[in-house]
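Q: Can you keep this structure in mind? I'll have questions shortly.
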Amino acid sequence: LEQKRKSFFDYDAKMAEEQEARIEAIERQAKTEFEQEKDEVETLSLLELQKERELKLAATKKEKAEKQREVNALLKKEKEIARKERIAQRREKVFLAEQEQEKRILKEKEDAALKEKDLFEKLRMEVDEEKELVGNEEAELNLLKELRKKLS
């Protein structure tokens, strides 16, 4: 029983380590993506300002329309990046909630293991006490048998 419990908790610990490694990899990837998107937003903002200046300087309606399309394309890219960022934030919230839930589950498992260990120890002590009582009763019974033989 003790061996089975030990192997279960070894397996559980191994799974927790693997999960932690996956979590750390996801966090690194998210951080890298965030930095890339941040750089892209800055670049797009600068390009947008440049295109708006060019739009103001455009002489013909055709040039203005072309510059406006370029500005609109940049704005569309910025909105897409902002949408991706919101999605990433929602995923981060879900991820953090999952992490908290895993911590609670792990704590519950550890508490259950401690309870089980305490119960096992208590039962073992009771068994030892019963063995001692049985031993005492057997000793008394043997003494009574010896007395009976002597008296007969």
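The way I read the labels, and the way they are meant: chains A, B, ... in the order of the structure tokens, residue 1 as the first residue of every chain, and ligand 1 as the first ligand shown, with later ones counted on from there.
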With a cut-off of 12 Å, could you pull out the residues of region 1-37 of chain A touching region 91-98 of chain A and give me the nearest pair of atoms for each, distance in Å to one decimal, using only C-alpha atoms, ordered by chain and ascending number, as a Markdown table?

A:
```
| residue | atom | partner | partner_atom | distance |
| --- | --- | --- | --- | --- |
| A:Gln19 | CA | A:Glu98 | CA | 11.2 |
| A:Glu20 | CA | A:Glu98 | CA | 11.9 |
| A:Arg22 | CA | A:Phe95 | CA | 11.6 |
| A:Ile23 | CA | A:Phe95 | CA | 8.7 |
| A:Glu24 | CA | A:Phe95 | CA | 11.5 |
| A:Ile26 | CA | A:Phe95 | CA | 9.7 |
| A:Glu27 | CA | A:Glu92 | CA | 9.0 |
| A:Ala30 | CA | A:Glu92 | CA | 8.9 |
| A:Lys31 | CA | A:Glu92 | CA | 11.0 |
| A:Phe34 | CA | A:Glu92 | CA | 11.9 |
```

Q: Hey, can you spit out that residue selection with all heavy atoms as a short mmCIF file (atom, residue, chain, number, x, y, z; two decimals), in the first residue's frame?

A:
```cif
data_model
loop_
_atom_site.label_atom_id
_atom_site.label_comp_id
_atom_site.auth_asym_id
_atom_site.auth_seq_id
_atom_site.Cartn_x
_atom_site.Cartn_y
_atom_site.Cartn_z
N GLN A 19 3.92 19.81 -16.51
CA GLN A 19 2.95 20.89 -16.70
C GLN A 19 3.63 22.23 -16.47
O GLN A 19 3.41 23.18 -17.22
CB GLN A 19 1.75 20.71 -15.76
CG GLN A 19 0.72 21.80 -15.87
CD GLN A 19 -0.01 21.79 -17.19
OE1 GLN A 19 0.04 20.83 -17.94
NE2 GLN A 19 -0.69 22.87 -17.49
N GLU A 20 4.45 22.32 -15.46
CA GLU A 20 5.17 23.56 -15.16
C GLU A 20 6.10 23.92 -16.32
O GLU A 20 6.20 25.09 -16.70
CB GLU A 20 5.97 23.41 -13.86
CG GLU A 20 6.59 24.70 -13.37
CD GLU A 20 5.58 25.75 -12.97
OE1 GLU A 20 4.46 25.40 -12.54
OE2 GLU A 20 5.89 26.94 -13.10
N ARG A 22 5.66 23.10 -19.48
CA ARG A 22 4.81 23.58 -20.57
C ARG A 22 4.34 25.00 -20.31
O ARG A 22 4.34 25.85 -21.22
CB ARG A 22 3.60 22.66 -20.74
CG ARG A 22 3.92 21.34 -21.41
CD ARG A 22 2.64 20.60 -21.80
NE ARG A 22 1.83 20.19 -20.67
CZ ARG A 22 1.97 19.04 -20.02
NH1 ARG A 22 2.89 18.18 -20.38
NH2 ARG A 22 1.19 18.75 -19.01
N ILE A 23 4.00 25.29 -19.07
CA ILE A 23 3.54 26.63 -18.70
C ILE A 23 4.64 27.65 -18.95
O ILE A 23 4.40 28.72 -19.52
CB ILE A 23 3.07 26.64 -17.23
CG1 ILE A 23 1.77 25.89 -17.09
CG2 ILE A 23 2.94 28.07 -16.71
CD1 ILE A 23 1.37 25.61 -15.66
N GLU A 24 5.84 27.33 -18.53
CA GLU A 24 6.96 28.25 -18.72
C GLU A 24 7.24 28.48 -20.20
O GLU A 24 7.52 29.61 -20.62
CB GLU A 24 8.20 27.72 -18.01
CG GLU A 24 8.11 27.81 -16.50
CD GLU A 24 9.27 27.16 -15.79
OE1 GLU A 24 10.21 26.66 -16.46
OE2 GLU A 24 9.26 27.16 -14.54
N ILE A 26 5.03 28.33 -22.65
CA ILE A 26 3.94 29.17 -23.14
C ILE A 26 4.16 30.62 -22.72
O ILE A 26 3.95 31.55 -23.51
CB ILE A 26 2.58 28.65 -22.63
CG1 ILE A 26 2.26 27.32 -23.31
CG2 ILE A 26 1.48 29.66 -22.86
CD1 ILE A 26 1.07 26.58 -22.71
N GLU A 27 4.59 30.82 -21.48
CA GLU A 27 4.85 32.18 -21.00
C GLU A 27 5.97 32.84 -21.80
O GLU A 27 5.86 34.02 -22.16
CB GLU A 27 5.22 32.15 -19.51
CG GLU A 27 4.05 31.89 -18.61
CD GLU A 27 4.44 31.77 -17.15
OE1 GLU A 27 5.64 31.62 -16.84
OE2 GLU A 27 3.54 31.84 -16.31
N ALA A 30 4.57 33.74 -25.22
CA ALA A 30 3.66 34.88 -25.13
C ALA A 30 4.43 36.18 -24.94
O ALA A 30 4.09 37.20 -25.55
CB ALA A 30 2.68 34.67 -23.97
N LYS A 31 5.47 36.13 -24.13
CA LYS A 31 6.28 37.33 -23.91
C LYS A 31 6.97 37.76 -25.20
O LYS A 31 7.00 38.94 -25.54
CB LYS A 31 7.32 37.06 -22.82
CG LYS A 31 8.11 38.28 -22.42
CD LYS A 31 9.05 37.99 -21.28
CE LYS A 31 9.81 39.25 -20.90
NZ LYS A 31 10.73 39.02 -19.80
N PHE A 34 4.40 39.24 -27.49
CA PHE A 34 4.02 40.56 -27.01
C PHE A 34 5.05 41.60 -27.41
O PHE A 34 4.70 42.69 -27.89
CB PHE A 34 3.85 40.54 -25.48
CG PHE A 34 3.58 41.90 -24.90
CD1 PHE A 34 2.32 42.46 -24.99
CD2 PHE A 34 4.59 42.61 -24.26
CE1 PHE A 34 2.07 43.72 -24.46
CE2 PHE A 34 4.34 43.86 -23.73
CZ PHE A 34 3.08 44.42 -23.82
#
```

Q: Need the shell around region 57-74 of chain A: protein/DNA/RNA residues with any atom at most 12 Å away, counting only C-alpha atoms. Skip same-chain ones fewer than 3 positions apart. Format as a list in words?

A: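 Once the nearby chain positions are removed, what remains is Glu40, Val41, Glu42, Thr43, Leu44, Ser45, Leu46, Leu47, Glu48, Leu49, Gln50, Lys51, Glu52, Arg53, Glu54, Lys77, Glu78, Lys79, Glu80 and Ile81 of chain A.
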
Q: Would you please work out which residue, of A:Glu85, A:Gly135, A:Asp128, A:Glu110, is nearest to Gln36 (chain A) when using only C-alpha atoms?

A: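 Ranking A:Glu85, A:Gly135, A:Asp128, A:Glu110 by distance to Gln36 (chain A), first place goes to A:Glu85.
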
Q: So how far away is CA of Arg5 (chain A) from CA of Val127 (chain A), in Å?

A: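 Between these atoms lies a distance of 20.2 Å.
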
Q: Of the residues A:Phe9, A:Arg28, A:Lys14, A:Glu33, which is the one nearest to Ala112 (chain A), using only C-alpha atoms?

A: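 Of the candidates, the smallest distance to Ala112 (chain A) is held by A:Phe9.
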
Q: Kindly indicate which residue among A:Glu146, A:Glu140, A:Glu18, A:Glu2 lies nearest to Phe120 (chain A), using only C-alpha atoms for the distances.

A: A:Glu2
